[in-house]
Amino acid sequence: MEKVAVVGASPKQERYSNKAIRMLKEFHHTPVPVAPGHEVIEKEPVFESLDRISEKIDTVTVYLSPARQENMMEQIIDMAPKRVIFNPGTENPTAKRALESAGITVVEACTLVMLKTNQF
């Protein structure tokens, strides 16, 4: 299954990013939480930023508002995942163009819905 970087991961179980981590596990994917200030979320080690991840990431799912995404686009392009999912409220046309120009598939959808409907 896929290794999925969850950018904007939260330890709060009511947050969609936390629900995504739990559901990714349920569907046998490996979540890789990315969030400064946390060491472990849902029993998974947390990375401060994308550039700290040394393993191959298949998908990046974004839970940060466009205003908080500026510094991560180069990191995503450098890690070269197959795709990036912009969850509702995180859509970023400028980032989308940059990622697509780098050959990365961009999806604007809800990770939770994609998992539940076998579209992941």
# chains A, B, ... in the order shown; residues from 1 in each chain; ligands from 1
>>> residues_around(residues="Thr90 in chain A", least_positions_apart="3", cutoff="12 Å", atoms="only C-alpha atoms", output="list in words")
Val7, Gly8, Ser17, Thr61, Val62, Tyr63, Leu64, Ser65, Pro66, Ala67, Arg68, Gln69, Glu70, Val84, Ile85, Phe86, Asn87, Pro93, Thr94, Ala95, Lys96, Val107, Glu108, Ala109 and Cys110 of chain A
>>> atom_distance(atom1="CA of Ala80 in chain A", atom2="CA of Gly37 in chain A")
24.9 Å
>>> select_by_dssp(residues="range 18-113 of chain A", states="alpha helix (DSSP H)", output="number ranges by chain")
A: 18-26, 73-79, 93-101, 111-113
>>> write_last_selection(atoms="C-alpha atoms", output="CSV table (one decimal), in the first residue's frame")
chain,number,residue,atom,x,y,z
A,18,ASN,CA,-6.3,13.1,12.5
A,19,LYS,CA,-9.3,11.2,11.0
A,20,ALA,CA,-7.2,10.8,7.8
A,21,ILE,CA,-4.3,9.3,9.7
A,22,ARG,CA,-6.7,6.8,11.4
A,23,MET,CA,-8.5,6.0,8.2
A,24,LEU,CA,-5.3,5.5,6.2
A,25,LYS,CA,-4.3,2.9,8.7
A,26,GLU,CA,-7.7,1.3,8.5
A,73,MET,CA,5.9,23.4,-2.5
A,74,GLU,CA,9.6,23.1,-3.2
A,75,GLN,CA,9.8,20.4,-0.6
A,76,ILE,CA,7.0,18.5,-2.3
A,77,ILE,CA,8.6,18.9,-5.7
A,78,ASP,CA,11.9,17.7,-4.4
A,79,MET,CA,10.3,14.6,-2.8
A,93,PRO,CA,-4.2,27.3,-7.9
A,94,THR,CA,-0.6,28.6,-7.9
A,95,ALA,CA,0.7,25.4,-6.1
A,96,LYS,CA,-1.4,23.2,-8.4
A,97,ARG,CA,0.3,24.7,-11.5
A,98,ALA,CA,3.8,24.4,-10.0
A,99,LEU,CA,3.2,20.7,-9.0
A,100,GLU,CA,1.7,19.8,-12.3
A,101,SER,CA,4.6,21.5,-14.1
A,111,THR,CA,-9.0,12.0,1.4
A,112,LEU,CA,-11.6,10.6,3.7
A,113,VAL,CA,-14.2,10.3,0.9
>>> residues_around(residues="Ser10 in chain A", least_positions_apart="2", cutoff="9 Å", atoms="only C-alpha atoms", output="PDB file with N, CA and C atoms, in the first residue's frame")
ATOM      1  N   GLY A   8       0.015  18.914   8.038  1.00  0.00           N
ATOM      2  CA  GLY A   8      -0.917  19.618   8.899  1.00  0.00           C
ATOM      3  C   GLY A   8      -1.589  18.649   9.865  1.00  0.00           C
ATOM      4  N   LYS A  12      -5.481  16.151  17.671  1.00  0.00           N
ATOM      5  CA  LYS A  12      -6.886  16.286  18.073  1.00  0.00           C
ATOM      6  C   LYS A  12      -7.752  15.376  17.203  1.00  0.00           C
ATOM      7  N   GLN A  13      -8.425  14.423  17.843  1.00  0.00           N
ATOM      8  CA  GLN A  13      -9.168  13.413  17.091  1.00  0.00           C
ATOM      9  C   GLN A  13     -10.341  13.967  16.296  1.00  0.00           C
ATOM     10  N   ARG A  15     -10.197  16.601  14.400  1.00  0.00           N
ATOM     11  CA  ARG A  15      -9.663  17.244  13.184  1.00  0.00           C
ATOM     12  C   ARG A  15      -9.622  16.251  12.024  1.00  0.00           C
ATOM     13  N   TYR A  16      -9.897  16.751  10.833  1.00  0.00           N
ATOM     14  CA  TYR A  16      -9.914  15.877   9.654  1.00  0.00           C
ATOM     15  C   TYR A  16      -8.546  15.254   9.375  1.00  0.00           C
ATOM     16  N   SER A  17      -7.489  15.984   9.663  1.00  0.00           N
ATOM     17  CA  SER A  17      -6.151  15.414   9.432  1.00  0.00           C
ATOM     18  C   SER A  17      -5.911  14.209  10.336  1.00  0.00           C
ATOM     19  N   ASN A  18      -6.412  14.248  11.545  1.00  0.00           N
ATOM     20  CA  ASN A  18      -6.278  13.116  12.463  1.00  0.00           C
ATOM     21  C   ASN A  18      -7.153  11.958  11.985  1.00  0.00           C
ATOM     22  N   PRO A  33       2.745  11.459   9.507  1.00  0.00           N
ATOM     23  CA  PRO A  33       2.302  12.785   9.949  1.00  0.00           C
ATOM     24  C   PRO A  33       3.412  13.839   9.832  1.00  0.00           C
ATOM     25  N   VAL A  34       3.012  15.020   9.377  1.00  0.00           N
ATOM     26  CA  VAL A  34       3.942  16.140   9.255  1.00  0.00           C
ATOM     27  C   VAL A  34       3.330  17.332   9.982  1.00  0.00           C
ATOM     28  N   ALA A  35       3.980  17.744  11.083  1.00  0.00           N
ATOM     29  CA  ALA A  35       3.494  18.873  11.867  1.00  0.00           C
ATOM     30  C   ALA A  35       4.561  19.278  12.866  1.00  0.00           C
ATOM     31  N   HIS A  38       5.039  18.416  17.436  1.00  0.00           N
ATOM     32  CA  HIS A  38       4.499  17.143  17.923  1.00  0.00           C
ATOM     33  C   HIS A  38       5.526  16.047  17.667  1.00  0.00           C
ATOM     34  N   ILE A  41       1.730  11.213  16.748  1.00  0.00           N
ATOM     35  CA  ILE A  41       0.294  11.381  16.552  1.00  0.00           C
ATOM     36  C   ILE A  41      -0.261  10.026  16.144  1.00  0.00           C
TER      37      ILE A  41
END
>>> closest_residue(among="A:Gly103, A:Lys3, A:Phe27, A:Phe120", to="Glu55 in chain A", atoms="only C-alpha atoms")
A:Lys3
>>> select_by_dssp(residues="chain A", states="strand (DSSP E or B)", output="list of chain:residue names")
A:Lys3, A:Val4, A:Ala5, A:Val6, A:Val7, A:Thr30, A:Pro31, A:Val32, A:Pro33, A:Val34, A:Val40, A:Ile41, A:Glu44, A:Pro45, A:Phe47, A:Thr59, A:Val60, A:Thr61, A:Val62, A:Arg83, A:Val84, A:Ile85, A:Phe86, A:Thr105, A:Val106, A:Val107, A:Glu108
>>> write_last_selection(atoms="C-alpha atoms", output="compact mmCIF listing (two decimals), in the first residue's frame")
# COMPACT_ATOMS: atom_id res chain seq x y z
CA LYS A 3 3.06 5.83 2.22
CA VAL A 4 1.10 9.03 2.68
CA ALA A 5 2.47 12.27 4.13
CA VAL A 6 -0.31 14.00 6.08
CA VAL A 7 0.68 17.67 6.09
CA THR A 30 1.12 4.02 6.06
CA PRO A 31 0.46 7.56 7.28
CA VAL A 32 3.46 9.82 7.82
CA PRO A 33 2.30 12.78 9.95
CA VAL A 34 3.94 16.14 9.25
CA VAL A 40 3.82 11.29 17.98
CA ILE A 41 0.29 11.38 16.55
CA GLU A 44 3.07 7.39 14.40
CA PRO A 45 6.31 9.39 14.61
CA PHE A 47 8.13 14.84 11.07
CA THR A 59 1.03 10.67 -1.86
CA VAL A 60 0.98 13.96 0.03
CA THR A 61 -2.39 14.95 1.48
CA VAL A 62 -2.62 18.59 2.51
CA ARG A 83 0.28 12.84 -6.35
CA VAL A 84 -0.80 15.59 -4.01
CA ILE A 85 -4.32 15.78 -2.60
CA PHE A 86 -5.63 19.22 -1.66
CA THR A 105 -0.68 14.67 -10.27
CA VAL A 106 -2.86 17.08 -8.29
CA VAL A 107 -6.25 16.06 -6.93
CA GLU A 108 -8.70 18.43 -5.25
>>> atom_distance(atom1="CA of Arg52 in chain A", atom2="CA of Met1 in chain A")
21.5 Å
>>> atom_distance(atom1="CA of Ala9 in chain A", atom2="CA of Glu91 in chain A")
16.8 Å
